[in-house]
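Student: Dropping in start.pdb, which is PDB, C-alpha atoms:
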ATOM      1  CA  MET A   1      -8.511   9.616  19.554  1.00  0.00           C
ATOM      2  CA  ALA A   2      -5.518   7.309  19.194  1.00  0.00           C
ATOM      3  CA  ASN A   3      -2.911   6.578  21.848  1.00  0.00           C
ATOM      4  CA  LEU A   4       0.847   7.156  21.746  1.00  0.00           C
ATOM      5  CA  ALA A   5       3.346   4.631  23.164  1.00  0.00           C
ATOM      6  CA  LEU A   6       6.959   5.699  23.761  1.00  0.00           C
ATOM      7  CA  PHE A   7       9.598   3.021  24.386  1.00  0.00           C
ATOM      8  CA  ASP A   8      13.175   3.459  25.518  1.00  0.00           C
ATOM      9  CA  PHE A   9      15.328   0.875  23.736  1.00  0.00           C
ATOM     10  CA  ASP A  10      18.387  -0.224  25.744  1.00  0.00           C
ATOM     11  CA  GLY A  11      17.362  -2.164  28.844  1.00  0.00           C
ATOM     12  CA  THR A  12      13.659  -1.695  28.132  1.00  0.00           C
ATOM     13  CA  ILE A  13      13.202  -3.468  24.811  1.00  0.00           C
ATOM     14  CA  THR A  14      16.574  -5.205  25.069  1.00  0.00           C
ATOM     15  CA  THR A  15      18.193  -7.157  27.890  1.00  0.00           C
ATOM     16  CA  ARG A  16      21.248  -4.873  28.001  1.00  0.00           C
ATOM     17  CA  GLU A  17      22.894  -1.793  26.516  1.00  0.00           C
ATOM     18  CA  THR A  18      23.573  -2.248  22.812  1.00  0.00           C
ATOM     19  CA  MET A  19      26.040   0.570  22.081  1.00  0.00           C
ATOM     20  CA  ALA A  20      29.081  -1.421  23.187  1.00  0.00           C
ATOM     21  CA  ASP A  21      27.976  -4.412  21.123  1.00  0.00           C
ATOM     22  CA  PHE A  22      27.547  -2.197  18.087  1.00  0.00           C
ATOM     23  CA  MET A  23      31.005  -0.664  18.543  1.00  0.00           C
ATOM     24  CA  VAL A  24      32.549  -4.137  18.564  1.00  0.00           C
ATOM     25  CA  HIS A  25      30.602  -4.979  15.418  1.00  0.00           C
ATOM     26  CA  ALA A  26      31.247  -1.729  13.539  1.00  0.00           C
ATOM     27  CA  VAL A  27      34.725  -0.513  14.545  1.00  0.00           C
ATOM     28  CA  PRO A  28      37.824  -2.173  13.017  1.00  0.00           C
ATOM     29  CA  ARG A  29      39.762  -4.310  15.482  1.00  0.00           C
ATOM     30  CA  ARG A  30      42.934  -2.229  15.334  1.00  0.00           C
ATOM     31  CA  ARG A  31      40.993   0.927  16.157  1.00  0.00           C
ATOM     32  CA  GLN A  32      39.222  -0.917  18.955  1.00  0.00           C
ATOM     33  CA  ALA A  33      42.575  -1.913  20.458  1.00  0.00           C
ATOM     34  CA  TRP A  34      44.071   1.562  20.680  1.00  0.00           C
ATOM     35  CA  GLY A  35      40.669   3.003  21.454  1.00  0.00           C
ATOM     36  CA  ARG A  36      40.463   0.954  24.641  1.00  0.00           C
ATOM     37  CA  LEU A  37      43.766   2.473  25.757  1.00  0.00           C
ATOM     38  CA  LEU A  38      42.710   6.014  24.953  1.00  0.00           C
ATOM     39  CA  LEU A  39      39.330   5.630  26.606  1.00  0.00           C
ATOM     40  CA  ALA A  40      40.468   3.760  29.725  1.00  0.00           C
ATOM     41  CA  PRO A  41      40.673   6.884  31.960  1.00  0.00           C
ATOM     42  CA  CYS A  42      37.256   8.066  30.768  1.00  0.00           C
ATOM     43  CA  VAL A  43      35.649   4.675  31.389  1.00  0.00           C
ATOM     44  CA  ALA A  44      37.260   4.441  34.828  1.00  0.00           C
ATOM     45  CA  GLY A  45      35.889   7.877  35.687  1.00  0.00           C
ATOM     46  CA  TYR A  46      32.417   6.797  34.583  1.00  0.00           C
ATOM     47  CA  ARG A  47      32.525   3.699  36.789  1.00  0.00           C
ATOM     48  CA  LEU A  48      33.529   5.889  39.734  1.00  0.00           C
ATOM     49  CA  GLY A  49      30.695   8.298  39.048  1.00  0.00           C
ATOM     50  CA  LEU A  50      33.070  11.102  38.057  1.00  0.00           C
ATOM     51  CA  VAL A  51      32.293  11.173  34.324  1.00  0.00           C
ATOM     52  CA  SER A  52      28.790  11.316  32.860  1.00  0.00           C
ATOM     53  CA  GLY A  53      27.361   8.800  30.426  1.00  0.00           C
ATOM     54  CA  VAL A  54      26.945  11.623  27.902  1.00  0.00           C
ATOM     55  CA  ALA A  55      30.670  12.410  28.081  1.00  0.00           C
ATOM     56  CA  VAL A  56      31.657   8.750  27.763  1.00  0.00           C
ATOM     57  CA  ARG A  57      29.457   8.206  24.717  1.00  0.00           C
ATOM     58  CA  ALA A  58      30.838  11.344  23.076  1.00  0.00           C
ATOM     59  CA  ALA A  59      34.386  10.109  23.623  1.00  0.00           C
ATOM     60  CA  VAL A  60      33.576   6.611  22.336  1.00  0.00           C
ATOM     61  CA  VAL A  61      32.002   8.000  19.170  1.00  0.00           C
ATOM     62  CA  ARG A  62      34.955  10.325  18.557  1.00  0.00           C
ATOM     63  CA  VAL A  63      37.519   7.542  18.882  1.00  0.00           C
ATOM     64  CA  GLY A  64      35.470   4.907  17.087  1.00  0.00           C
ATOM     65  CA  PHE A  65      34.009   6.762  14.138  1.00  0.00           C
ATOM     66  CA  ALA A  66      35.970   9.918  13.284  1.00  0.00           C
ATOM     67  CA  GLY A  67      36.783   9.750   9.558  1.00  0.00           C
ATOM     68  CA  VAL A  68      34.732   6.588   8.907  1.00  0.00           C
ATOM     69  CA  PRO A  69      32.652   6.629   5.682  1.00  0.00           C
ATOM     70  CA  LEU A  70      28.946   7.110   6.422  1.00  0.00           C
ATOM     71  CA  GLU A  71      28.136   4.344   3.945  1.00  0.00           C
ATOM     72  CA  LEU A  72      30.207   1.870   5.970  1.00  0.00           C
ATOM     73  CA  LEU A  73      28.465   2.834   9.219  1.00  0.00           C
ATOM     74  CA  GLN A  74      25.062   2.359   7.612  1.00  0.00           C
ATOM     75  CA  ALA A  75      26.018  -1.039   6.210  1.00  0.00           C
ATOM     76  CA  ARG A  76      27.297  -2.196   9.605  1.00  0.00           C
ATOM     77  CA  GLY A  77      24.121  -0.880  11.217  1.00  0.00           C
ATOM     78  CA  GLU A  78      21.905  -2.863   8.857  1.00  0.00           C
ATOM     79  CA  THR A  79      23.831  -6.047   9.597  1.00  0.00           C
ATOM     80  CA  PHE A  80      23.833  -5.466  13.348  1.00  0.00           C
ATOM     81  CA  ALA A  81      20.079  -4.839  13.382  1.00  0.00           C
ATOM     82  CA  ALA A  82      19.388  -8.034  11.462  1.00  0.00           C
ATOM     83  CA  THR A  83      21.858 -10.409  13.112  1.00  0.00           C
ATOM     84  CA  ALA A  84      22.669  -9.188  16.645  1.00  0.00           C
ATOM     85  CA  LEU A  85      19.606  -7.389  17.976  1.00  0.00           C
ATOM     86  CA  PRO A  86      17.123 -10.293  17.706  1.00  0.00           C
ATOM     87  CA  ALA A  87      18.980 -12.228  20.412  1.00  0.00           C
ATOM     88  CA  LEU A  88      18.890  -9.236  22.782  1.00  0.00           C
ATOM     89  CA  LEU A  89      15.146  -8.529  22.735  1.00  0.00           C
ATOM     90  CA  ARG A  90      12.911  -8.947  25.769  1.00  0.00           C
ATOM     91  CA  PRO A  91       9.916 -11.114  24.758  1.00  0.00           C
ATOM     92  CA  GLU A  92       7.621  -9.276  27.160  1.00  0.00           C
ATOM     93  CA  ALA A  93       8.611  -5.903  25.698  1.00  0.00           C
ATOM     94  CA  MET A  94       8.023  -7.097  22.142  1.00  0.00           C
ATOM     95  CA  GLU A  95       4.624  -8.443  23.143  1.00  0.00           C
ATOM     96  CA  ARG A  96       3.759  -5.078  24.695  1.00  0.00           C
ATOM     97  CA  ILE A  97       4.749  -3.347  21.457  1.00  0.00           C
ATOM     98  CA  ARG A  98       2.552  -5.716  19.478  1.00  0.00           C
ATOM     99  CA  TRP A  99      -0.300  -5.085  21.941  1.00  0.00           C
ATOM    100  CA  HIS A 100      -0.097  -1.376  21.213  1.00  0.00           C
ATOM    101  CA  GLN A 101       0.085  -2.009  17.472  1.00  0.00           C
ATOM    102  CA  ARG A 102      -2.988  -4.237  17.546  1.00  0.00           C
ATOM    103  CA  ARG A 103      -4.874  -1.414  19.252  1.00  0.00           C
ATOM    104  CA  GLY A 104      -3.885   0.991  16.483  1.00  0.00           C
ATOM    105  CA  ASP A 105      -1.591   3.084  18.718  1.00  0.00           C
ATOM    106  CA  THR A 106       1.311   5.114  17.378  1.00  0.00           C
ATOM    107  CA  VAL A 107       4.445   3.381  18.730  1.00  0.00           C
ATOM    108  CA  ALA A 108       7.848   5.088  18.799  1.00  0.00           C
ATOM    109  CA  VAL A 109      11.279   4.095  20.074  1.00  0.00           C
ATOM    110  CA  VAL A 110      12.940   7.022  21.878  1.00  0.00           C
ATOM    111  CA  SER A 111      16.604   6.235  22.435  1.00  0.00           C
ATOM    112  CA  GLY A 112      20.076   7.595  22.967  1.00  0.00           C
ATOM    113  CA  GLY A 113      21.279   4.826  20.655  1.00  0.00           C
ATOM    114  CA  LEU A 114      22.328   5.482  17.085  1.00  0.00           C
ATOM    115  CA  ASP A 115      20.059   5.573  14.070  1.00  0.00           C
ATOM    116  CA  ALA A 116      22.628   3.485  12.167  1.00  0.00           C
ATOM    117  CA  TYR A 117      21.168   0.328  13.713  1.00  0.00           C
ATOM    118  CA  LEU A 118      17.940   1.561  15.287  1.00  0.00           C
ATOM    119  CA  ALA A 119      16.464   2.867  12.020  1.00  0.00           C
ATOM    120  CA  PRO A 120      16.607  -0.463  10.147  1.00  0.00           C
ATOM    121  CA  TRP A 121      15.356  -2.326  13.233  1.00  0.00           C
ATOM    122  CA  CYS A 122      12.422   0.033  13.674  1.00  0.00           C
ATOM    123  CA  ARG A 123      11.536  -0.151   9.986  1.00  0.00           C
ATOM    124  CA  ALA A 124      11.439  -3.945  10.219  1.00  0.00           C
ATOM    125  CA  HIS A 125       8.998  -3.755  13.146  1.00  0.00           C
ATOM    126  CA  GLY A 126       6.830  -0.914  11.897  1.00  0.00           C
ATOM    127  CA  LEU A 127       7.935   1.548  14.599  1.00  0.00           C
ATOM    128  CA  ALA A 128       8.648   5.269  14.540  1.00  0.00           C
ATOM    129  CA  LEU A 129      12.047   6.428  15.834  1.00  0.00           C
ATOM    130  CA  VAL A 130      13.449   9.355  17.788  1.00  0.00           C
ATOM    131  CA  CYS A 131      17.151   8.874  18.543  1.00  0.00           C
ATOM    132  CA  SER A 132      20.738  10.116  18.402  1.00  0.00           C
ATOM    133  CA  THR A 133      22.450  10.712  15.074  1.00  0.00           C
ATOM    134  CA  LEU A 134      26.097  11.153  14.137  1.00  0.00           C
ATOM    135  CA  GLU A 135      27.372  14.191  12.269  1.00  0.00           C
ATOM    136  CA  GLN A 136      28.836  13.700   8.800  1.00  0.00           C
ATOM    137  CA  ARG A 137      30.527  15.917   6.248  1.00  0.00           C
ATOM    138  CA  ASP A 138      31.105  14.973   2.630  1.00  0.00           C
ATOM    139  CA  GLY A 139      30.151  11.371   3.320  1.00  0.00           C
ATOM    140  CA  ARG A 140      32.467  10.857   6.310  1.00  0.00           C
ATOM    141  CA  LEU A 141      31.712  10.920  10.019  1.00  0.00           C
ATOM    142  CA  THR A 142      33.220  13.781  12.011  1.00  0.00           C
ATOM    143  CA  GLY A 143      33.334  11.817  15.271  1.00  0.00           C
ATOM    144  CA  ARG A 144      30.664  14.027  16.842  1.00  0.00           C
ATOM    145  CA  TYR A 145      26.962  13.737  17.484  1.00  0.00           C
ATOM    146  CA  ARG A 146      24.628  15.803  15.332  1.00  0.00           C
ATOM    147  CA  GLY A 147      22.983  17.912  17.986  1.00  0.00           C
ATOM    148  CA  ALA A 148      22.450  16.726  21.534  1.00  0.00           C
ATOM    149  CA  GLN A 149      22.389  13.066  22.493  1.00  0.00           C
ATOM    150  CA  CYS A 150      18.800  11.847  22.840  1.00  0.00           C
ATOM    151  CA  VAL A 151      18.921  11.184  26.599  1.00  0.00           C
ATOM    152  CA  GLY A 152      17.360  12.725  29.679  1.00  0.00           C
ATOM    153  CA  GLU A 153      15.494  15.962  29.050  1.00  0.00           C
ATOM    154  CA  GLU A 154      16.409  15.784  25.362  1.00  0.00           C
ATOM    155  CA  LYS A 155      14.159  12.726  25.007  1.00  0.00           C
ATOM    156  CA  ALA A 156      11.170  14.716  26.221  1.00  0.00           C
ATOM    157  CA  ARG A 157      12.081  17.755  24.107  1.00  0.00           C
ATOM    158  CA  ARG A 158      12.317  15.706  20.927  1.00  0.00           C
ATOM    159  CA  VAL A 159       9.073  13.866  21.597  1.00  0.00           C
ATOM    160  CA  ARG A 160       7.274  17.178  22.097  1.00  0.00           C
ATOM    161  CA  ALA A 161       8.788  18.444  18.840  1.00  0.00           C
ATOM    162  CA  ALA A 162       7.727  15.327  16.930  1.00  0.00           C
ATOM    163  CA  TYR A 163       4.258  14.769  18.404  1.00  0.00           C
ATOM    164  CA  ASP A 164       1.346  16.921  19.511  1.00  0.00           C
ATOM    165  CA  LEU A 165       0.740  15.141  22.792  1.00  0.00           C
ATOM    166  CA  ALA A 166      -2.624  16.820  23.290  1.00  0.00           C
ATOM    167  CA  SER A 167      -3.917  15.109  20.150  1.00  0.00           C
ATOM    168  CA  TYR A 168      -3.635  11.671  21.789  1.00  0.00           C
ATOM    169  CA  ASP A 169      -6.215  10.239  24.154  1.00  0.00           C
ATOM    170  CA  ARG A 170      -3.598   8.502  26.305  1.00  0.00           C
ATOM    171  CA  VAL A 171       0.201   8.514  26.304  1.00  0.00           C
ATOM    172  CA  TYR A 172       2.185   5.486  27.492  1.00  0.00           C
ATOM    173  CA  ALA A 173       5.920   5.539  28.238  1.00  0.00           C
ATOM    174  CA  TYR A 174       8.365   2.743  29.075  1.00  0.00           C
ATOM    175  CA  GLY A 175      11.865   3.139  30.523  1.00  0.00           C
ATOM    176  CA  ASP A 176      14.432   1.601  32.837  1.00  0.00           C
ATOM    177  CA  THR A 177      16.961   4.240  34.007  1.00  0.00           C
ATOM    178  CA  HIS A 178      17.127   7.807  35.333  1.00  0.00           C
ATOM    179  CA  GLU A 179      17.836   8.948  31.764  1.00  0.00           C
ATOM    180  CA  ASP A 180      14.203   8.013  30.977  1.00  0.00           C
ATOM    181  CA  GLU A 181      12.582  10.029  33.766  1.00  0.00           C
ATOM    182  CA  ALA A 182      11.738  13.046  31.596  1.00  0.00           C
ATOM    183  CA  LEU A 183      10.240  10.710  28.992  1.00  0.00           C
ATOM    184  CA  LEU A 184       8.082   8.980  31.597  1.00  0.00           C
ATOM    185  CA  GLU A 185       6.810  12.315  32.888  1.00  0.00           C
ATOM    186  CA  LEU A 186       5.145  12.932  29.519  1.00  0.00           C
ATOM    187  CA  ALA A 187       2.824   9.979  29.963  1.00  0.00           C
ATOM    188  CA  HIS A 188      -0.496   9.157  31.582  1.00  0.00           C
ATOM    189  CA  HIS A 189       0.726   5.558  31.972  1.00  0.00           C
ATOM    190  CA  ARG A 190       4.369   5.240  33.050  1.00  0.00           C
ATOM    191  CA  PHE A 191       6.151   1.900  33.144  1.00  0.00           C
ATOM    192  CA  TYR A 192       9.534   1.662  34.856  1.00  0.00           C
ATOM    193  CA  ARG A 193      11.341  -1.657  34.498  1.00  0.00           C
ATOM    194  CA  GLY A 194       8.087  -3.321  33.543  1.00  0.00           C
ATOM    195  CA  ARG A 195       5.975  -2.019  36.416  1.00  0.00           C
ATOM    196  CA  GLU A 196       3.451   0.779  36.104  1.00  0.00           C
ATOM    197  CA  GLN A 197       4.133   3.837  38.263  1.00  0.00           C
ATOM    198  CA  VAL A 198       1.553   6.185  39.743  1.00  0.00           C
ATOM    199  CA  ALA A 199       0.850   9.094  37.403  1.00  0.00           C
ATOM    200  CA  THR A 200      -1.813  11.747  37.202  1.00  0.00           C
ATOM    201  CA  VAL A 201      -2.017  13.705  33.972  1.00  0.00           C
ATOM    202  CA  ALA A 202       0.632  13.971  31.264  1.00  0.00           C
ATOM    203  CA  GLU A 203       2.542  17.202  31.010  1.00  0.00           C
ATOM    204  CA  GLY A 204       2.783  19.347  27.895  1.00  0.00           C
TER
END
Re-express the file's structure as structure tokens.
Tutor:
Amino acid sequence: MANLALFDFDGTITTRETMADFMVHAVPRRRQAWGRLLLAPCVAGYRLGLVSGVAVRAAVVRVGFAGVPLELLQARGETFAATALPALLRPEAMERIRWHQRRGDTVAVVSGGLDAYLAPWCRAHGLALVCSTLEQRDGRLTGRYRGAQCVGEEKARRVRAAYDLASYDRVYAYGDTHEDEALLELAHHRFYRGREQVATVAEG
């Protein structure tokens, strides 16, 4: 039986969150300028612990992408994946991914980040992907997520929907924040910020 390896992306594979970098890359400067003003109260609330990360991301997406052509988002995502992400990767995380691949394991990125840039990056590295997606109608973004953001319990739900965990000999999971806890609980081998945690048997 093969193994399954599940990797969070931001902070686990990369050295920092990538959503903000992608917004700077993908959103026109004028929209960025007035967007910072509109989002200032929301960001301040997040820093004070009064607003959730889910709410902040929803607001950022609404301001940054409402009405934007899907084709433009995809083009910016391809460029960002090829030019910006390589400098943000953790060498030790990439080596761990390659270790799993050499063993013949199924390796998937499970992230709250957007498929616009994660999909081309994962294709380039031979990885499966479970992540957040933006809603579009008639070729333009609505400014909303399509379904729930892939964070917290949603990460575990989507993994269970995509993979029959019982068909794998061992499940590995890698994360770095509380939003990865449900993902880690799926695994026999749980790595938090690079260190393996004590685990018994994987759930579900």
Student: Which is closer to Leu37 in chain A than all the others in A:Val60, A:Leu183, A:Leu89, A:Leu50, using all atoms listed in the file?
Tutor: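 Once distances to Leu37 in chain A are computed over all atoms listed in the file, the minimum belongs to A:Val60.
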Student: Within 6 Å of Gly175 in chain A, counting only C-alpha atoms, which residues show up once you throw out same-chain ones fewer than 6 positions away? Write them as a list in words, please.
Tutor: Asp8, Thr12 and Tyr192 of chain A
Student: With a distance cut-off of 10 Å and all atoms listed in the file, select the neighbouring residues of Asp180 in chain A, excluding the residue or stretch itself and same-chain residues fewer than 4 positions from it, and output the selection as a PyMOL selection string.
Tutor: chain A and resi 7-8+110-112+151-156+173-176+184-185+192
Student: State, in Å with one decimal place, the distance from CA of Leu114 in chain A to CA of Tyr145 in chain A.
Tutor: 9.5 Å
Student: Please compute the CA of Gly143 in chain A-CA of Ala26 in chain A distance, one decimal, in Å.
Tutor: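 One can read the CA of Gly143 in chain A to CA of Ala26 in chain A distance as 13.8 Å.
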Student: Go through A:Tyr117, A:Tyr46, A:Phe65, A:Tyr168 and flag the residue nearest Thr142 in chain A, using only C-alpha atoms for the distances.
Tutor: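 Result for the nearest residue to Thr142 in chain A: A:Phe65.
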Student: I'd like the neighbourhood of range 54-57 of chain A as a list in words, where a residue qualifies if any of its atoms comes within 8 Å (using all atoms listed in the file), though same-chain residues fewer than 2 positions away should be ignored.
Tutor: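 Near neighbours after the sequence-gap exclusion: Cys42, Val43, Tyr46, Val51, Ser52, Ala59, Val60, Val61 and Gln149 of chain A.
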Student: Which neighbours of Ala162 in chain A fall inside 10 Å, counting only C-alpha atoms, when residues of the same chain fewer than 5 positions from it are skipped, and could you give them as a ChimeraX atom specification?
Tutor: /A:129-130,156-157
Student: Pick the closest to Ala2 in chain A from A:Gly194, A:His125, A:Thr106, A:Arg160: which is it, counting all atoms listed in the file?
Tutor: A:Thr106
Student: Just want the 12 Å neighbourhood of Leu73 in chain A, counted on all atoms listed in the file, with same-chain residues fewer than 5 positions away dropped. Output as a count of residues only.
Tutor: 27
Student: From the options A:His178, A:His188, A:Arg195, A:Arg30, which residue's atoms come nearest to Gly53 in chain A, counting all atoms listed in the file?
Tutor: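 Among the listed residues, the smallest separation from Gly53 in chain A belongs to A:His178.
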Student: For Trp121 in chain A, which residue out of A:Leu4, A:Asp10, A:Leu85, A:Thr18 is the nearest one, using all atoms listed in the file?
Tutor: A:Leu85
Student: Can you tell me how far CA of His100 in chain A sits from CA of Ile13 in chain A, in Å to one decimal?
Tutor: 13.9 Å
Student: Would you please work out which residue, of A:Gln32, A:Thr15, A:Thr177, A:Gln101, is nearest to Ala87 in chain A when using all atoms listed in the file?
Tutor: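 Nearest candidate to Ala87 in chain A out of A:Gln32, A:Thr15, A:Thr177, A:Gln101: A:Thr15.
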Student: Quick one: 8 Å padding each side, axis-aligned, all listed atoms of range 185-189 of chain A - centre and edge lengths in Å to one decimal, as AutoDock Vina command-line options?
Tutor:
--center_x 3.2 --center_y 9.2 --center_z 31.2 --size_x 23.3 --size_y 23.4 --size_z 19.4
Student: Any chance you could model N, CA and C atoms for range 15-42 of chain A and send them as a JSON list (two decimals), in the frame of the given file?
Tutor:
[["chain", "number", "residue", "atom", "x", "y", "z"],
["A", 15, "THR", "N", 17.76, -6.67, 26.58],
["A", 15, "THR", "CA", 18.19, -7.16, 27.89],
["A", 15, "THR", "C", 19.42, -6.42, 28.42],
["A", 16, "ARG", "N", 20.07, -5.62, 27.56],
["A", 16, "ARG", "CA", 21.25, -4.87, 28.00],
["A", 16, "ARG", "C", 21.50, -3.72, 27.04],
["A", 17, "GLU", "N", 22.48, -2.89, 27.40],
["A", 17, "GLU", "CA", 22.89, -1.79, 26.52],
["A", 17, "GLU", "C", 23.45, -2.37, 25.22],
["A", 18, "THR", "N", 23.14, -1.71, 24.11],
["A", 18, "THR", "CA", 23.57, -2.25, 22.81],
["A", 18, "THR", "C", 24.70, -1.46, 22.17],
["A", 19, "MET", "N", 25.02, -0.28, 22.70],
["A", 19, "MET", "CA", 26.04, 0.57, 22.08],
["A", 19, "MET", "C", 27.40, -0.13, 22.04],
["A", 20, "ALA", "N", 27.79, -0.74, 23.14],
["A", 20, "ALA", "CA", 29.08, -1.42, 23.19],
["A", 20, "ALA", "C", 29.13, -2.57, 22.19],
["A", 21, "ASP", "N", 28.03, -3.32, 22.09],
["A", 21, "ASP", "CA", 27.98, -4.41, 21.12],
["A", 21, "ASP", "C", 28.12, -3.88, 19.70],
["A", 22, "PHE", "N", 27.46, -2.76, 19.43],
["A", 22, "PHE", "CA", 27.55, -2.20, 18.09],
["A", 22, "PHE", "C", 28.96, -1.71, 17.79],
["A", 23, "MET", "N", 29.63, -1.13, 18.76],
["A", 23, "MET", "CA", 31.00, -0.66, 18.54],
["A", 23, "MET", "C", 31.91, -1.84, 18.19],
["A", 24, "VAL", "N", 31.75, -2.95, 18.87],
["A", 24, "VAL", "CA", 32.55, -4.14, 18.56],
["A", 24, "VAL", "C", 32.27, -4.62, 17.15],
["A", 25, "HIS", "N", 31.00, -4.54, 16.75],
["A", 25, "HIS", "CA", 30.60, -4.98, 15.42],
["A", 25, "HIS", "C", 31.08, -4.03, 14.33],
["A", 26, "ALA", "N", 31.06, -2.72, 14.60],
["A", 26, "ALA", "CA", 31.25, -1.73, 13.54],
["A", 26, "ALA", "C", 32.66, -1.16, 13.44],
["A", 27, "VAL", "N", 33.41, -1.15, 14.54],
["A", 27, "VAL", "CA", 34.72, -0.51, 14.54],
["A", 27, "VAL", "C", 35.82, -1.54, 14.24],
["A", 28, "PRO", "N", 36.73, -1.24, 13.33],
["A", 28, "PRO", "CA", 37.82, -2.17, 13.02],
["A", 28, "PRO", "C", 38.61, -2.56, 14.26],
["A", 29, "ARG", "N", 39.11, -3.79, 14.28],
["A", 29, "ARG", "CA", 39.76, -4.31, 15.48],
["A", 29, "ARG", "C", 40.97, -3.48, 15.91],
["A", 30, "ARG", "N", 41.75, -3.01, 14.96],
["A", 30, "ARG", "CA", 42.93, -2.23, 15.33],
["A", 30, "ARG", "C", 42.52, -0.94, 16.03],
["A", 31, "ARG", "N", 41.47, -0.30, 15.52],
["A", 31, "ARG", "CA", 40.99, 0.93, 16.16],
["A", 31, "ARG", "C", 40.40, 0.61, 17.52],
["A", 32, "GLN", "N", 39.74, -0.53, 17.65],
["A", 32, "GLN", "CA", 39.22, -0.92, 18.95],
["A", 32, "GLN", "C", 40.35, -1.06, 19.97],
["A", 33, "ALA", "N", 41.47, -1.65, 19.55],
["A", 33, "ALA", "CA", 42.58, -1.91, 20.46],
["A", 33, "ALA", "C", 43.16, -0.62, 21.02],
["A", 34, "TRP", "N", 43.50, 0.33, 20.14],
["A", 34, "TRP", "CA", 44.07, 1.56, 20.68],
["A", 34, "TRP", "C", 43.00, 2.45, 21.28],
["A", 35, "GLY", "N", 41.75, 2.26, 20.86],
["A", 35, "GLY", "CA", 40.67, 3.00, 21.45],
["A", 35, "GLY", "C", 40.46, 2.65, 22.92],
["A", 36, "ARG", "N", 40.60, 1.37, 23.24],
["A", 36, "ARG", "CA", 40.46, 0.95, 24.64],
["A", 36, "ARG", "C", 41.51, 1.64, 25.52],
["A", 37, "LEU", "N", 42.71, 1.79, 24.99],
["A", 37, "LEU", "CA", 43.77, 2.47, 25.76],
["A", 37, "LEU", "C", 43.44, 3.95, 25.94],
["A", 38, "LEU", "N", 43.01, 4.59, 24.87],
["A", 38, "LEU", "CA", 42.71, 6.01, 24.95],
["A", 38, "LEU", "C", 41.53, 6.30, 25.88],
["A", 39, "LEU", "N", 40.57, 5.40, 25.86],
["A", 39, "LEU", "CA", 39.33, 5.63, 26.61],
["A", 39, "LEU", "C", 39.37, 5.10, 28.04],
["A", 40, "ALA", "N", 40.41, 4.37, 28.39],
["A", 40, "ALA", "CA", 40.47, 3.76, 29.72],
["A", 40, "ALA", "C", 40.26, 4.76, 30.86],
["A", 41, "PRO", "N", 40.91, 5.92, 30.87],
["A", 41, "PRO", "CA", 40.67, 6.88, 31.96],
["A", 41, "PRO", "C", 39.22, 7.37, 32.01],
["A", 42, "CYS", "N", 38.64, 7.59, 30.84],
["A", 42, "CYS", "CA", 37.26, 8.07, 30.77],
["A", 42, "CYS", "C", 36.29, 7.01, 31.31]]
